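In what follows, a single structure is set out as structure tokens and then discussed.
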Amino acid sequence: MQIEIPASPWKPAAERQRDRDAKRDAVLRTAARLFVENGFHRTKMADVAERLHITKPALYHYFRNKEDILYACYQLGGELIEAELADVDDAGKRGLDRAVAFLRAYTLNMTADFGMCLVSVDDRDLAPDSRRKVRDWKRSIDTRLRGYIAQGVADGSIREVDIRIAAFLLAGAVNWVGQWFREGGPRTAEEIADVMADMARHALAR
């Protein structure tokens with residue numbers, strides 16, 4: 001007689017980890033949206049828990065405090081931007097084409113929750129070590145854009161400009177998109193990215 005062994009009520013470790021990752025991601029996306037909507041200081045842990053329909057103790061299972069959530073939002077936002085920028089070098093051989101592709105990809109990220117969070121929340125609200133890491137990443141983004149502009153000046157596709165000021169001007173314009181863009185507006189994220197890219201091309205092209 002074969003004895004039927006009941007199925008285990010516990011999920012396999014890999015499945016439990018996927019569930020945990022999905023829940024953690026939901027916390028971050030919800031918090032990022034609330035930080036944009038209400039501001040970092042006016043958003044409470046209880047607000048995040050309420051939006052997710054969970055208890056505060058359940059929320060603390062994933063993050064120790066609101067500052068930890070903010071840093072994780074910065075991390076994930078940065079990773080998403082880096083993923084978008086990974087193909088910029090393949091956008092063309094000229095510095096102009098790469099600079100424009102960079103700015104278009106960056107604009108698209110500024111229309112997403114994490115992108116808006118990156119520019120809406122002051123990194124001075126982070127702990128010193130976390131703030132240093134975030135600022136190092138921001139400098140790397142700026143350095144990359146300057147490199148494309150410098151390449152364009154060298155290869156003749158970009159007119160003679162002050163590379164530092166041009167990078168600040170263009171990045172500032174893109175960052176500002178994260179301040180005013182809202183879904184359901186007169187233009188989609190893709191349309192705004194196309195417009196920003198076209199304006200950048202006209203501003204830089206020789």
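Starting from 1 in every chain, residues are counted up; chains themselves are A, B, ... following the order of the structure tokens, and ligands are numbered from 1 as listed.
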Can you pull out every residue within 7 Å of segment 41-46 of chain A, counting only C-alpha atoms, but drop anything in the same chain fewer than 5 positions away, and send it as a compact mmCIF listing (two decimals) with all heavy atoms, in the first residue's frame?
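Now in out.txt:
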```
# COMPACT_ATOMS: atom_id res chain seq x y z
N LEU A 34 4.58 58.19 -3.37
CA LEU A 34 4.15 59.05 -2.27
C LEU A 34 5.14 60.18 -2.02
O LEU A 34 4.75 61.30 -1.70
CB LEU A 34 3.96 58.22 -1.00
CG LEU A 34 2.73 57.31 -0.98
CD1 LEU A 34 2.77 56.37 0.21
CD2 LEU A 34 1.45 58.14 -0.95
N PHE A 35 6.45 59.89 -2.16
CA PHE A 35 7.45 60.94 -1.99
C PHE A 35 7.25 62.04 -3.02
O PHE A 35 7.41 63.23 -2.73
CB PHE A 35 8.87 60.37 -2.13
CG PHE A 35 9.28 59.44 -1.01
CD1 PHE A 35 10.31 58.53 -1.20
CD2 PHE A 35 8.64 59.48 0.22
CE1 PHE A 35 10.71 57.68 -0.18
CE2 PHE A 35 9.03 58.62 1.25
CZ PHE A 35 10.06 57.73 1.04
N LYS A 56 2.09 48.31 9.64
CA LYS A 56 3.42 48.89 9.77
C LYS A 56 4.47 47.85 10.14
O LYS A 56 5.58 47.87 9.58
CB LYS A 56 3.40 50.03 10.79
CG LYS A 56 2.86 51.34 10.24
CD LYS A 56 2.89 52.45 11.29
CE LYS A 56 4.30 52.80 11.70
NZ LYS A 56 4.33 53.93 12.66
N LYS A 66 12.29 55.15 7.01
CA LYS A 66 11.97 55.87 5.77
C LYS A 66 13.24 56.23 4.99
O LYS A 66 13.24 56.23 3.76
CB LYS A 66 11.17 57.12 6.11
CG LYS A 66 10.52 57.79 4.91
CD LYS A 66 9.55 58.86 5.34
CE LYS A 66 10.23 59.98 6.10
NZ LYS A 66 9.32 61.14 6.32
```
Those of segment 6-160 of chain A in DSSP helix (DSSP H, G or I), formatted as a PyMOL selection string: chain A and resi 13-38+45-52+56-59+66-85+88-90+95-110+113-120+123-125+128-155
Option closest in space to Cys73 of chain A, from A:Asn38, A:Ser130, A:Thr107, A:Thr55 [counting only C-alpha atoms]: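 Looking only at the distances to Cys73 of chain A, the closest residue turns out to be A:Ser130.
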Pick from A:Val27, A:Ala32, A:Ala166, A:Leu52, whichever lies nearest to Gly115 of chain A using only C-alpha atoms: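 Looking only at the distances to Gly115 of chain A, the closest residue turns out to be A:Ala32.
Near Glu82 of chain A, within 12 Å and counting only C-alpha atoms, sit Gln75, Leu76, Gly77, Gly78, Glu79, Leu80, Glu84, Leu85, Ala86, Asp87, Val88, Phe102, Ala105, Tyr106, Asn109, Gly115, Trp137, Lys138, Ser140, Ile141 and Arg144 of chain A; same-chain residues fewer than 2 positions away were not included.
The interatomic distance for the pair atom CA of Gly178 of chain A and atom CA of Thr111 of chain A works out to 5.7 Å.
Restricting the calculation to only C-alpha atoms, the smallest distance between Glu191 of chain A and any of A:Val36, A:Leu108, A:Val48, A:Cys117 is found for A:Leu108.
Between atom CA of Ala58 of chain A and atom CA of Val121 of chain A there is a distance of 24.7 Å.
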Give me, as CSV, each residue of segment 38-105 of chain A that comes within 9 Å of segment 146-159 of chain A, together with its shortest interatomic pair and the distance in Å at one decimal, counting only C-alpha atoms, with rows ordered by chain and rising residue number.
```
residue,atom,partner,partner_atom,distance
A:Arg94,CA,A:Gly152,CA,6.1
A:Gly95,CA,A:Gly152,CA,3.7
A:Leu96,CA,A:Gly152,CA,5.1
A:Asp97,CA,A:Gly152,CA,8.3
A:Arg98,CA,A:Tyr148,CA,6.2
A:Ala99,CA,A:Tyr148,CA,5.2
A:Phe102,CA,A:Tyr148,CA,8.7
```
Rounded to one decimal in Å, what is the spacing between atom CA of Asp21 of chain A and atom CA of Met110 of chain A? 23.7 Å
